[in-house]
2 protein chains.
Amino acid sequence: MLKEERQAFIIREVNLHNKVLSSDLSVQLNVSEDTIRRDLNELAESGKVLKVYGGALSKSFQYPFQDNEVYARESKKTIAGKAITLIQDGMTLLLGGGTTMLELARMIPEKMQCTFFTISPLVALELAERSNDDVILIGGKLARSTNITIGSQVINQLSEIRVDLCLLGTNSLSVEDGVTDSDWEVVQIKKAMLRCSQKTAILSIAEKLNSVQKMKVCNINAIDFLVTDLEPSHISLTRFSQVVKVI
Amino acid sequence: MLKEERQAFIIREVNLHNKVLSSDLSVQLNVSEDTIRRDLNELAESGKVLKVYGGALSKSFQYPFQDNEVYARESKKTIAGKAITLIQDGMTLLLGGGTTMLELARMIPEKMQCTFFTISPLVALELAERSNDDVILIGGKLARSTNITIGSQVINQLSEIRVDLCLLGTNSLSVEDGVTDSDWEVVQIKKAMLRCSQKTAILSIAEKLNSVQKMKVCNINAIDFLVTDLEPSHISLTRFSQVVKVI
DNA sequence: ATTATGTTTGCAATATTTTGCGGTTTTTAT
DNA sequence: ATAAAAACCGCAAAATATTGCAAACATAAT
């Protein structure tokens, strides 16, 4: 049997069954596992399959990261980079949704050993792609506009967990009115997220500071960390610095 | 025998079997392997065949799918189109994961009024994009390989719902062994999905029919509909037709 | 018929590719 | 932590390719 035949068979098998074990292929094709591994390496090299420990996965199952432009992406990356310093090995985390959180998920180091809870399918997929730790997606009704799960199921599930740190994006933040939002459902979720977290960090681009929306999530002093794209010493953060640790 | 004759024979052979071995041709044509190799080189030079180590392949032999493409996407679209006819306004549905289900989600008409449950974040996002109905994502641990939620939380949540129809992709299906899969966790999820569904449809490209994997989900007669990319009257479906409604 | 010329073929020597194996390291699971 | 599974590395054997060369062959012109 020609090498190309064998590799074609492997590709078919992978795409048909989503995953293959080197040991199975070795038996089916009657060659050594080394040969299979070499094949898988070649196929992975040329992007035909995704090699994993013990075998390979179909690429079509992997989450396709689309790169549509994001507003103020660089600022958000800065924020994400800072927020990651709050994360340590062994922690249990709860992540919200939004583009900033997505950037953060993309920046999580492979080596990090954490348990991630999140209400955002996109964040969950991104995390799962990168780390091999537990990623638990909290299910519920999917909010069309924000792509996060909402509703009483989410509240229920949140009430049953306890995490070390909650990372939350926000729409508006001010010293006087704290964290505010415009969507009643989202407010309920955020309140529940705060309730189950030991510590909370708010991630927000500087533009959103000092804006206020109709519904209130919490006071500013319920927040432990504020992560923005500005230097902590920046003039526009001085008033926040008095009530919350600014990073 | 003339060189031209010989090469014509080789081309016929290649097109017939999609591959040839130099050693075989050498015997069949009663010339040395060197001559065969020279022939193959010439034919490859003029683009008639694809030369590889040990022989040659038909030019039409390429890997079973293009880069960055989903394997057998057209077949999957066909299946999705048929499966949609099973869906009616007002129904409550439970969808699995996989590329076929993703195609289906993309084809759901805007005006369809249904409630969708799903264990696949990608399917959920796609559904939420298209319909204004309720899309409920069942949360749990995210399985890295398949991008569906798994684990006891999922089972628990599934035990609390009751849907009209469950649409399930599958890895393997045969009359004798029913629906089988290679992943223990996935099998548990599928079983739970079947339990909470009035009716069940299996979506599978014809290639997967009559293949068997190590773990069993259910017997074939636990299935109500089988949706493939073939005509229901197709010869390879006759045995299935006797136990399940084939679409 | 013979010679000259160019092509084709087989052979031998030499490279290259592929494959399996033993030993070691890394990863995973317990 | 520890043991098992899998991956990696280098090596050697086998299979296949390549190259140069000479013999065989065909063809056409003398």
# chains A, B, ... in the order shown; residues from 1 in each chain; ligands from 1
$ calpha_fit_and_write --fixed "chain A" --moving "chain B" --output "PDB file with C-alpha atoms, in the first residue's frame"
ATOM      1  CA  MET B   1       6.809  14.185 -10.917  1.00  0.00           C
ATOM      2  CA  LEU B   2       7.883  11.506  -8.514  1.00  0.00           C
ATOM      3  CA  LYS B   3       5.581  10.080  -5.926  1.00  0.00           C
ATOM      4  CA  GLU B   4       7.922  11.173  -3.157  1.00  0.00           C
ATOM      5  CA  GLU B   5       7.940  14.731  -4.386  1.00  0.00           C
ATOM      6  CA  ARG B   6       4.204  14.757  -4.545  1.00  0.00           C
ATOM      7  CA  GLN B   7       3.818  13.435  -1.037  1.00  0.00           C
ATOM      8  CA  ALA B   8       6.342  15.911   0.282  1.00  0.00           C
ATOM      9  CA  PHE B   9       4.315  18.650  -1.298  1.00  0.00           C
ATOM     10  CA  ILE B  10       1.168  17.329   0.321  1.00  0.00           C
ATOM     11  CA  ILE B  11       2.797  17.250   3.733  1.00  0.00           C
ATOM     12  CA  ARG B  12       4.009  20.816   3.318  1.00  0.00           C
ATOM     13  CA  GLU B  13       0.552  21.862   2.296  1.00  0.00           C
ATOM     14  CA  VAL B  14      -1.057  20.112   5.243  1.00  0.00           C
ATOM     15  CA  ASN B  15       1.302  21.624   7.741  1.00  0.00           C
ATOM     16  CA  LEU B  16       0.878  25.019   6.220  1.00  0.00           C
ATOM     17  CA  HIS B  17      -2.890  25.150   6.144  1.00  0.00           C
ATOM     18  CA  ASN B  18      -3.788  22.497   8.683  1.00  0.00           C
ATOM     19  CA  LYS B  19      -5.986  20.911   6.081  1.00  0.00           C
ATOM     20  CA  VAL B  20      -6.138  19.904   2.447  1.00  0.00           C
ATOM     21  CA  LEU B  21      -8.891  18.867   0.119  1.00  0.00           C
ATOM     22  CA  SER B  22      -8.299  15.960  -2.190  1.00  0.00           C
ATOM     23  CA  SER B  23      -9.967  17.862  -4.979  1.00  0.00           C
ATOM     24  CA  ASP B  24      -7.603  20.833  -4.561  1.00  0.00           C
ATOM     25  CA  LEU B  25      -4.507  18.690  -4.518  1.00  0.00           C
ATOM     26  CA  SER B  26      -5.670  16.860  -7.584  1.00  0.00           C
ATOM     27  CA  VAL B  27      -5.736  20.127  -9.500  1.00  0.00           C
ATOM     28  CA  GLN B  28      -2.542  21.543  -8.015  1.00  0.00           C
ATOM     29  CA  LEU B  29      -0.556  18.407  -8.713  1.00  0.00           C
ATOM     30  CA  ASN B  30      -2.286  17.542 -11.928  1.00  0.00           C
ATOM     31  CA  VAL B  31      -3.004  13.959 -11.029  1.00  0.00           C
ATOM     32  CA  SER B  32      -6.242  12.127 -10.509  1.00  0.00           C
ATOM     33  CA  GLU B  33      -8.025  12.237  -7.198  1.00  0.00           C
ATOM     34  CA  ASP B  34      -7.454   8.538  -6.913  1.00  0.00           C
ATOM     35  CA  THR B  35      -3.738   9.089  -6.773  1.00  0.00           C
ATOM     36  CA  ILE B  36      -4.157  11.778  -4.151  1.00  0.00           C
ATOM     37  CA  ARG B  37      -6.313   9.479  -2.110  1.00  0.00           C
ATOM     38  CA  ARG B  38      -3.719   6.774  -2.334  1.00  0.00           C
ATOM     39  CA  ASP B  39      -1.080   9.227  -1.230  1.00  0.00           C
ATOM     40  CA  LEU B  40      -3.167  10.400   1.679  1.00  0.00           C
ATOM     41  CA  ASN B  41      -3.807   6.834   2.701  1.00  0.00           C
ATOM     42  CA  GLU B  42      -0.103   6.131   2.726  1.00  0.00           C
ATOM     43  CA  LEU B  43       0.671   9.266   4.659  1.00  0.00           C
ATOM     44  CA  ALA B  44      -2.063   8.494   7.116  1.00  0.00           C
ATOM     45  CA  GLU B  45      -0.757   4.953   7.404  1.00  0.00           C
ATOM     46  CA  SER B  46       2.652   6.216   8.405  1.00  0.00           C
ATOM     47  CA  GLY B  47       1.080   8.756  10.727  1.00  0.00           C
ATOM     48  CA  LYS B  48       2.065  11.883   8.837  1.00  0.00           C
ATOM     49  CA  VAL B  49      -1.436  13.241   8.375  1.00  0.00           C
ATOM     50  CA  LEU B  50      -4.949  12.627   9.582  1.00  0.00           C
ATOM     51  CA  LYS B  51      -7.179  11.440   6.802  1.00  0.00           C
ATOM     52  CA  VAL B  52     -10.794  12.472   6.811  1.00  0.00           C
ATOM     53  CA  TYR B  53     -13.623  12.375   4.359  1.00  0.00           C
ATOM     54  CA  GLY B  54     -12.782  14.828   1.614  1.00  0.00           C
ATOM     55  CA  GLY B  55      -9.151  15.400   2.431  1.00  0.00           C
ATOM     56  CA  ALA B  56      -6.757  15.370   5.339  1.00  0.00           C
ATOM     57  CA  LEU B  57      -5.911  17.327   8.454  1.00  0.00           C
ATOM     58  CA  SER B  58      -2.654  18.093  10.165  1.00  0.00           C
ATOM     59  CA  LYS B  59      -1.798  15.697  12.941  1.00  0.00           C
ATOM     60  CA  SER B  60      -1.596  18.687  15.265  1.00  0.00           C
ATOM     61  CA  PHE B  61      -5.172  19.423  14.485  1.00  0.00           C
ATOM     62  CA  GLN B  62      -7.191  18.122  17.331  1.00  0.00           C
ATOM     63  CA  TYR B  63     -10.293  19.446  18.879  1.00  0.00           C
ATOM     64  CA  PRO B  64      -9.501  22.716  20.662  1.00  0.00           C
ATOM     65  CA  PHE B  65      -9.455  21.048  24.039  1.00  0.00           C
ATOM     66  CA  GLN B  66      -8.936  17.696  25.666  1.00  0.00           C
ATOM     67  CA  ASP B  67     -11.722  15.646  27.083  1.00  0.00           C
ATOM     68  CA  ASN B  68     -12.855  16.630  30.506  1.00  0.00           C
ATOM     69  CA  GLU B  69     -10.644  19.699  30.419  1.00  0.00           C
ATOM     70  CA  VAL B  70     -11.697  23.286  30.640  1.00  0.00           C
ATOM     71  CA  TYR B  71     -11.261  25.172  27.414  1.00  0.00           C
ATOM     72  CA  ALA B  72      -8.139  27.379  27.500  1.00  0.00           C
ATOM     73  CA  ARG B  73      -7.592  26.702  31.169  1.00  0.00           C
ATOM     74  CA  GLU B  74      -4.035  27.997  31.195  1.00  0.00           C
ATOM     75  CA  SER B  75      -5.119  31.297  29.726  1.00  0.00           C
ATOM     76  CA  LYS B  76      -7.806  31.524  32.314  1.00  0.00           C
ATOM     77  CA  LYS B  77      -5.333  30.878  35.093  1.00  0.00           C
ATOM     78  CA  THR B  78      -3.152  33.648  33.759  1.00  0.00           C
ATOM     79  CA  ILE B  79      -6.108  35.998  33.791  1.00  0.00           C
ATOM     80  CA  ALA B  80      -7.100  34.966  37.280  1.00  0.00           C
ATOM     81  CA  GLY B  81      -3.574  35.585  38.502  1.00  0.00           C
ATOM     82  CA  LYS B  82      -3.579  39.103  37.093  1.00  0.00           C
ATOM     83  CA  ALA B  83      -7.056  39.873  38.345  1.00  0.00           C
ATOM     84  CA  ILE B  84      -6.071  38.977  41.885  1.00  0.00           C
ATOM     85  CA  THR B  85      -3.660  41.879  41.923  1.00  0.00           C
ATOM     86  CA  LEU B  86      -6.695  44.152  41.816  1.00  0.00           C
ATOM     87  CA  ILE B  87      -7.905  42.728  45.101  1.00  0.00           C
ATOM     88  CA  GLN B  88      -6.713  44.197  48.338  1.00  0.00           C
ATOM     89  CA  ASP B  89      -7.320  43.407  51.954  1.00  0.00           C
ATOM     90  CA  GLY B  90     -10.524  44.804  53.305  1.00  0.00           C
ATOM     91  CA  MET B  91     -12.265  45.133  50.001  1.00  0.00           C
ATOM     92  CA  THR B  92     -15.809  44.103  49.305  1.00  0.00           C
ATOM     93  CA  LEU B  93     -16.070  42.239  46.041  1.00  0.00           C
ATOM     94  CA  LEU B  94     -18.735  40.990  43.722  1.00  0.00           C
ATOM     95  CA  LEU B  95     -17.901  38.022  41.537  1.00  0.00           C
ATOM     96  CA  GLY B  96     -19.718  36.626  38.543  1.00  0.00           C
ATOM     97  CA  GLY B  97     -19.694  33.047  37.335  1.00  0.00           C
ATOM     98  CA  GLY B  98     -17.871  31.085  34.727  1.00  0.00           C
ATOM     99  CA  THR B  99     -14.745  29.006  34.564  1.00  0.00           C
ATOM    100  CA  THR B 100     -12.381  31.957  34.718  1.00  0.00           C
ATOM    101  CA  MET B 101     -13.965  33.139  37.935  1.00  0.00           C
ATOM    102  CA  LEU B 102     -13.709  29.639  39.311  1.00  0.00           C
ATOM    103  CA  GLU B 103      -9.990  29.649  38.653  1.00  0.00           C
ATOM    104  CA  LEU B 104      -9.746  32.982  40.389  1.00  0.00           C
ATOM    105  CA  ALA B 105     -11.617  31.704  43.407  1.00  0.00           C
ATOM    106  CA  ARG B 106      -9.161  28.843  43.636  1.00  0.00           C
ATOM    107  CA  MET B 107      -6.240  31.253  43.622  1.00  0.00           C
ATOM    108  CA  ILE B 108      -7.443  33.576  46.348  1.00  0.00           C
ATOM    109  CA  PRO B 109      -4.777  33.539  49.073  1.00  0.00           C
ATOM    110  CA  GLU B 110      -5.854  32.080  52.414  1.00  0.00           C
ATOM    111  CA  LYS B 111      -4.983  35.151  54.367  1.00  0.00           C
ATOM    112  CA  MET B 112      -6.882  37.605  52.209  1.00  0.00           C
ATOM    113  CA  GLN B 113      -9.416  39.521  54.286  1.00  0.00           C
ATOM    114  CA  CYS B 114     -12.337  40.398  52.071  1.00  0.00           C
ATOM    115  CA  THR B 115     -16.057  40.137  51.806  1.00  0.00           C
ATOM    116  CA  PHE B 116     -17.161  38.233  48.747  1.00  0.00           C
ATOM    117  CA  PHE B 117     -20.537  38.430  47.113  1.00  0.00           C
ATOM    118  CA  THR B 118     -21.243  36.123  44.239  1.00  0.00           C
ATOM    119  CA  ILE B 119     -24.085  34.847  42.096  1.00  0.00           C
ATOM    120  CA  SER B 120     -22.314  31.567  41.390  1.00  0.00           C
ATOM    121  CA  PRO B 121     -22.803  28.655  43.799  1.00  0.00           C
ATOM    122  CA  LEU B 122     -19.647  27.005  42.551  1.00  0.00           C
ATOM    123  CA  VAL B 123     -17.572  30.129  43.065  1.00  0.00           C
ATOM    124  CA  ALA B 124     -19.108  30.529  46.504  1.00  0.00           C
ATOM    125  CA  LEU B 125     -18.246  26.992  47.508  1.00  0.00           C
ATOM    126  CA  GLU B 126     -14.719  27.377  46.225  1.00  0.00           C
ATOM    127  CA  LEU B 127     -14.252  30.648  48.082  1.00  0.00           C
ATOM    128  CA  ALA B 128     -15.679  29.267  51.291  1.00  0.00           C
ATOM    129  CA  GLU B 129     -13.265  26.386  51.069  1.00  0.00           C
ATOM    130  CA  ARG B 130     -10.282  28.670  50.892  1.00  0.00           C
ATOM    131  CA  SER B 131     -10.830  31.830  52.845  1.00  0.00           C
ATOM    132  CA  ASN B 132     -12.298  32.366  56.254  1.00  0.00           C
ATOM    133  CA  ASP B 133     -13.919  35.597  55.212  1.00  0.00           C
ATOM    134  CA  ASP B 134     -17.536  36.211  54.589  1.00  0.00           C
ATOM    135  CA  VAL B 135     -18.821  34.620  51.434  1.00  0.00           C
ATOM    136  CA  ILE B 136     -22.305  35.709  50.586  1.00  0.00           C
ATOM    137  CA  LEU B 137     -24.123  33.797  47.942  1.00  0.00           C
ATOM    138  CA  ILE B 138     -26.831  35.817  46.288  1.00  0.00           C
ATOM    139  CA  GLY B 139     -29.793  33.551  45.904  1.00  0.00           C
ATOM    140  CA  GLY B 140     -32.355  33.213  43.179  1.00  0.00           C
ATOM    141  CA  LYS B 141     -33.514  30.950  40.427  1.00  0.00           C
ATOM    142  CA  LEU B 142     -30.697  28.781  39.259  1.00  0.00           C
ATOM    143  CA  ALA B 143     -29.948  29.055  35.553  1.00  0.00           C
ATOM    144  CA  ARG B 144     -29.307  25.568  34.303  1.00  0.00           C
ATOM    145  CA  SER B 145     -27.014  26.502  31.482  1.00  0.00           C
ATOM    146  CA  THR B 146     -24.596  28.723  33.358  1.00  0.00           C
ATOM    147  CA  ASN B 147     -25.064  27.677  36.955  1.00  0.00           C
ATOM    148  CA  ILE B 148     -25.542  31.162  38.216  1.00  0.00           C
ATOM    149  CA  THR B 149     -28.524  32.580  40.024  1.00  0.00           C
ATOM    150  CA  ILE B 150     -30.789  34.800  37.984  1.00  0.00           C
ATOM    151  CA  GLY B 151     -34.145  36.478  38.176  1.00  0.00           C
ATOM    152  CA  SER B 152     -35.711  39.390  39.957  1.00  0.00           C
ATOM    153  CA  GLN B 153     -34.690  38.202  43.393  1.00  0.00           C
ATOM    154  CA  VAL B 154     -31.080  38.511  42.390  1.00  0.00           C
ATOM    155  CA  ILE B 155     -31.650  41.979  40.982  1.00  0.00           C
ATOM    156  CA  ASN B 156     -33.377  42.995  44.190  1.00  0.00           C
ATOM    157  CA  GLN B 157     -30.594  41.777  46.369  1.00  0.00           C
ATOM    158  CA  LEU B 158     -27.957  43.350  44.183  1.00  0.00           C
ATOM    159  CA  SER B 159     -29.749  46.676  44.453  1.00  0.00           C
ATOM    160  CA  GLU B 160     -29.177  46.554  48.179  1.00  0.00           C
ATOM    161  CA  ILE B 161     -25.437  46.154  48.146  1.00  0.00           C
ATOM    162  CA  ARG B 162     -22.509  48.348  47.273  1.00  0.00           C
ATOM    163  CA  VAL B 163     -19.152  46.828  46.495  1.00  0.00           C
ATOM    164  CA  ASP B 164     -15.701  48.193  45.766  1.00  0.00           C
ATOM    165  CA  LEU B 165     -14.986  46.029  42.788  1.00  0.00           C
ATOM    166  CA  CYS B 166     -16.927  43.773  40.507  1.00  0.00           C
ATOM    167  CA  LEU B 167     -15.133  41.026  38.620  1.00  0.00           C
ATOM    168  CA  LEU B 168     -17.058  39.871  35.622  1.00  0.00           C
ATOM    169  CA  GLY B 169     -16.420  37.260  33.010  1.00  0.00           C
ATOM    170  CA  THR B 170     -17.880  37.944  29.628  1.00  0.00           C
ATOM    171  CA  ASN B 171     -18.949  36.206  26.494  1.00  0.00           C
ATOM    172  CA  SER B 172     -18.059  38.940  24.107  1.00  0.00           C
ATOM    173  CA  LEU B 173     -16.302  42.237  24.191  1.00  0.00           C
ATOM    174  CA  SER B 174     -15.563  44.796  21.544  1.00  0.00           C
ATOM    175  CA  VAL B 175     -14.569  48.432  21.472  1.00  0.00           C
ATOM    176  CA  GLU B 176     -17.576  49.437  19.423  1.00  0.00           C
ATOM    177  CA  ASP B 177     -20.299  47.371  21.052  1.00  0.00           C
ATOM    178  CA  GLY B 178     -18.903  47.001  24.536  1.00  0.00           C
ATOM    179  CA  VAL B 179     -19.901  44.025  26.626  1.00  0.00           C
ATOM    180  CA  THR B 180     -22.506  41.830  24.984  1.00  0.00           C
ATOM    181  CA  ASP B 181     -24.181  38.570  25.829  1.00  0.00           C
ATOM    182  CA  SER B 182     -26.628  36.130  24.330  1.00  0.00           C
ATOM    183  CA  ASP B 183     -28.970  35.590  27.255  1.00  0.00           C
ATOM    184  CA  TRP B 184     -31.492  38.195  28.273  1.00  0.00           C
ATOM    185  CA  GLU B 185     -31.630  37.123  31.888  1.00  0.00           C
ATOM    186  CA  VAL B 186     -27.875  37.127  32.217  1.00  0.00           C
ATOM    187  CA  VAL B 187     -27.701  40.592  30.720  1.00  0.00           C
ATOM    188  CA  GLN B 188     -30.109  41.887  33.362  1.00  0.00           C
ATOM    189  CA  ILE B 189     -27.969  40.384  36.112  1.00  0.00           C
ATOM    190  CA  LYS B 190     -24.777  41.843  34.738  1.00  0.00           C
ATOM    191  CA  LYS B 191     -26.327  45.262  34.450  1.00  0.00           C
ATOM    192  CA  ALA B 192     -27.419  45.071  38.066  1.00  0.00           C
ATOM    193  CA  MET B 193     -23.944  43.965  39.074  1.00  0.00           C
ATOM    194  CA  LEU B 194     -22.407  46.939  37.366  1.00  0.00           C
ATOM    195  CA  ARG B 195     -24.846  49.307  39.067  1.00  0.00           C
ATOM    196  CA  CYS B 196     -23.793  48.252  42.526  1.00  0.00           C
ATOM    197  CA  SER B 197     -20.060  48.364  41.925  1.00  0.00           C
ATOM    198  CA  GLN B 198     -17.650  51.249  42.356  1.00  0.00           C
ATOM    199  CA  LYS B 199     -15.227  49.770  39.854  1.00  0.00           C
ATOM    200  CA  THR B 200     -15.569  46.991  37.349  1.00  0.00           C
ATOM    201  CA  ALA B 201     -13.089  44.609  35.808  1.00  0.00           C
ATOM    202  CA  ILE B 202     -13.833  42.436  32.832  1.00  0.00           C
ATOM    203  CA  LEU B 203     -12.021  39.133  32.605  1.00  0.00           C
ATOM    204  CA  SER B 204     -11.818  37.716  29.130  1.00  0.00           C
ATOM    205  CA  ILE B 205      -9.571  35.437  27.157  1.00  0.00           C
ATOM    206  CA  ALA B 206      -8.191  37.135  24.106  1.00  0.00           C
ATOM    207  CA  GLU B 207     -10.184  34.924  21.781  1.00  0.00           C
ATOM    208  CA  LYS B 208     -13.366  36.567  22.937  1.00  0.00           C
ATOM    209  CA  LEU B 209     -12.181  40.060  22.165  1.00  0.00           C
ATOM    210  CA  ASN B 210     -13.839  41.744  19.228  1.00  0.00           C
ATOM    211  CA  SER B 211     -16.747  39.358  19.167  1.00  0.00           C
ATOM    212  CA  VAL B 212     -20.270  40.621  19.491  1.00  0.00           C
ATOM    213  CA  GLN B 213     -23.499  39.022  20.610  1.00  0.00           C
ATOM    214  CA  LYS B 214     -27.097  40.000  20.354  1.00  0.00           C
ATOM    215  CA  MET B 215     -27.684  41.770  23.652  1.00  0.00           C
ATOM    216  CA  LYS B 216     -25.826  44.597  25.234  1.00  0.00           C
ATOM    217  CA  VAL B 217     -24.682  44.861  28.827  1.00  0.00           C
ATOM    218  CA  CYS B 218     -22.772  48.134  28.730  1.00  0.00           C
ATOM    219  CA  ASN B 219     -20.427  50.313  26.766  1.00  0.00           C
ATOM    220  CA  ILE B 220     -16.742  49.718  26.961  1.00  0.00           C
ATOM    221  CA  ASN B 221     -16.189  52.924  28.911  1.00  0.00           C
ATOM    222  CA  ALA B 222     -18.355  51.658  31.745  1.00  0.00           C
ATOM    223  CA  ILE B 223     -15.496  49.261  32.423  1.00  0.00           C
ATOM    224  CA  ASP B 224     -12.485  50.223  34.508  1.00  0.00           C
ATOM    225  CA  PHE B 225     -10.178  47.266  33.949  1.00  0.00           C
ATOM    226  CA  LEU B 226      -9.766  44.741  31.217  1.00  0.00           C
ATOM    227  CA  VAL B 227      -7.877  41.609  32.182  1.00  0.00           C
ATOM    228  CA  THR B 228      -6.792  39.261  29.410  1.00  0.00           C
ATOM    229  CA  ASP B 229      -4.214  36.552  28.964  1.00  0.00           C
ATOM    230  CA  LEU B 230      -2.121  38.801  26.732  1.00  0.00           C
ATOM    231  CA  GLU B 231       0.534  41.324  27.618  1.00  0.00           C
ATOM    232  CA  PRO B 232      -1.095  44.756  27.982  1.00  0.00           C
ATOM    233  CA  SER B 233       1.210  45.984  25.243  1.00  0.00           C
ATOM    234  CA  HIS B 234       0.033  43.365  22.788  1.00  0.00           C
ATOM    235  CA  ILE B 235      -0.974  44.740  19.433  1.00  0.00           C
ATOM    236  CA  SER B 236      -4.535  43.431  19.577  1.00  0.00           C
ATOM    237  CA  LEU B 237      -5.138  45.370  22.782  1.00  0.00           C
ATOM    238  CA  THR B 238      -4.094  48.803  21.604  1.00  0.00           C
ATOM    239  CA  ARG B 239      -7.570  49.908  20.702  1.00  0.00           C
ATOM    240  CA  PHE B 240      -8.881  48.760  24.041  1.00  0.00           C
ATOM    241  CA  SER B 241      -6.056  50.521  25.862  1.00  0.00           C
ATOM    242  CA  GLN B 242      -7.384  53.855  24.704  1.00  0.00           C
ATOM    243  CA  VAL B 243     -10.656  53.487  26.571  1.00  0.00           C
ATOM    244  CA  VAL B 244      -9.946  51.172  29.485  1.00  0.00           C
ATOM    245  CA  LYS B 245      -7.060  50.230  31.730  1.00  0.00           C
ATOM    246  CA  VAL B 246      -5.695  47.003  30.325  1.00  0.00           C
ATOM    247  CA  ILE B 247      -3.873  44.623  32.612  1.00  0.00           C
TER     248      ILE B 247
END
$ residues_around --residues "DG10 of chain D" --least-positions-apart "6" --cutoff "12 Å" --atoms "only C-alpha atoms (C1' of nucleotides)" --output "mmCIF file with C-alpha atoms (C1' of nucleotides), in the first residue's frame"
data_model
loop_
_atom_site.group_PDB
_atom_site.id
_atom_site.type_symbol
_atom_site.label_atom_id
_atom_site.label_comp_id
_atom_site.auth_asym_id
_atom_site.auth_seq_id
_atom_site.Cartn_x
_atom_site.Cartn_y
_atom_site.Cartn_z
ATOM 1 C "C1'" DC C 21 12.732 -1.226 16.484
ATOM 2 C "C1'" DG C 22 15.128 -0.236 20.924
ATOM 3 C "C1'" DG C 23 16.018 3.174 24.224
ATOM 4 C "C1'" DT C 24 14.731 7.539 26.244
#
$ atom_distance --atom1 "atom C1' of DA13 of chain C" --atom2 "atom C1' of DA26 of chain D"
28.9 Å
$ interface_residues --of "chain D" --to "chain B" --cutoff "9 Å" --atoms "only C-alpha atoms (C1' of nucleotides)" --output "PyMOL selection string"
chain D and resi 15-17
$ write_last_selection --atoms "C-alpha atoms (C1' of nucleotides)" --output "PDB file, in the first residue's frame"
ATOM      1  C1'  DA D  15      12.409  -0.886  -0.810  1.00  0.00           C
ATOM      2  C1'  DT D  16      12.570   2.336  -4.309  1.00  0.00           C
ATOM      3  C1'  DA D  17      15.021   6.139  -7.179  1.00  0.00           C
TER       4       DA D  17
END
$ interface_residues --of "chain C" --to "chain B" --cutoff "12 Å" --atoms "only C-alpha atoms (C1' of nucleotides)" --output "list in words"
DT7, DT8, DT9, DG10, DC11, DT16, DT17 and DT18 of chain C
$ write_last_selection --atoms "C-alpha atoms (C1' of nucleotides)" --output "PDB file, in the first residue's frame"
ATOM      1  C1'  DT C   7      16.576   6.285 -28.960  1.00  0.00           C
ATOM      2  C1'  DT C   8      15.398   2.746 -25.759  1.00  0.00           C
ATOM      3  C1'  DT C   9      16.466  -0.685 -22.467  1.00  0.00           C
ATOM      4  C1'  DG C  10      18.741  -3.271 -18.734  1.00  0.00           C
ATOM      5  C1'  DC C  11      22.308  -3.285 -15.396  1.00  0.00           C
ATOM      6  C1'  DT C  16      17.076   8.497  -1.113  1.00  0.00           C
ATOM      7  C1'  DT C  17      12.839   7.237   1.146  1.00  0.00           C
ATOM      8  C1'  DT C  18      10.261   4.573   4.077  1.00  0.00           C
TER       9       DT C  18
END
$ atom_distance --atom1 "atom C1' of DA3 of chain D" --atom2 "atom C1' of DT27 of chain C"
12.3 Å
$ select_by_dssp --residues "segment 33-98 of chain B" --states "strand (DSSP E)" --output "MDAnalysis selection string"
chainID B and resid 49:52 55:58 92:95
$ write_last_selection --atoms "N, CA and C atoms" --output "tab-separated table (two decimals), in the first residue's frame"
chain	number	residue	atom	x	y	z
B	49	VAL	N	-0.19	11.47	-14.89
B	49	VAL	CA	-0.36	10.77	-13.62
B	49	VAL	C	0.39	11.53	-12.52
B	50	LEU	N	0.17	11.06	-11.31
B	50	LEU	CA	0.84	11.65	-10.16
B	50	LEU	C	1.83	10.62	-9.63
B	51	LYS	N	3.11	10.92	-9.77
B	51	LYS	CA	4.09	9.93	-9.35
B	51	LYS	C	4.34	10.02	-7.85
B	52	VAL	N	4.39	8.89	-7.23
B	52	VAL	CA	4.73	8.85	-5.81
B	52	VAL	C	5.71	7.71	-5.59
B	55	GLY	N	5.15	3.99	-6.98
B	55	GLY	CA	4.20	3.84	-8.07
B	55	GLY	C	3.64	5.17	-8.51
B	56	ALA	N	2.36	5.18	-8.86
B	56	ALA	CA	1.74	6.43	-9.28
B	56	ALA	C	0.26	6.41	-8.93
B	57	LEU	N	-0.30	7.60	-8.85
B	57	LEU	CA	-1.71	7.76	-8.54
B	57	LEU	C	-2.40	8.49	-9.67
B	58	SER	N	-3.69	8.29	-9.78
B	58	SER	CA	-4.48	9.03	-10.75
B	58	SER	C	-4.45	10.51	-10.38
B	92	THR	N	-40.74	21.73	19.76
B	92	THR	CA	-39.58	21.89	20.62
B	92	THR	C	-38.55	20.85	20.19
B	93	LEU	N	-37.35	21.32	19.92
B	93	LEU	CA	-36.35	20.46	19.32
B	93	LEU	C	-35.10	20.37	20.17
B	94	LEU	N	-34.43	19.26	20.00
B	94	LEU	CA	-33.13	19.08	20.67
B	94	LEU	C	-32.10	18.73	19.60
B	95	LEU	N	-31.08	19.53	19.50
B	95	LEU	CA	-30.07	19.31	18.46
B	95	LEU	C	-28.72	18.91	19.05
$ atom_distance --atom1 "atom C1' of DA1 of chain C" --atom2 "atom C1' of DT30 of chain D"
10.6 Å
$ select_by_dssp --residues "segment 10-81 of chain A" --states "alpha helix (DSSP H)" --output "PyMOL selection string"
chain A and resi 10-17+22-29+33-45+73-81
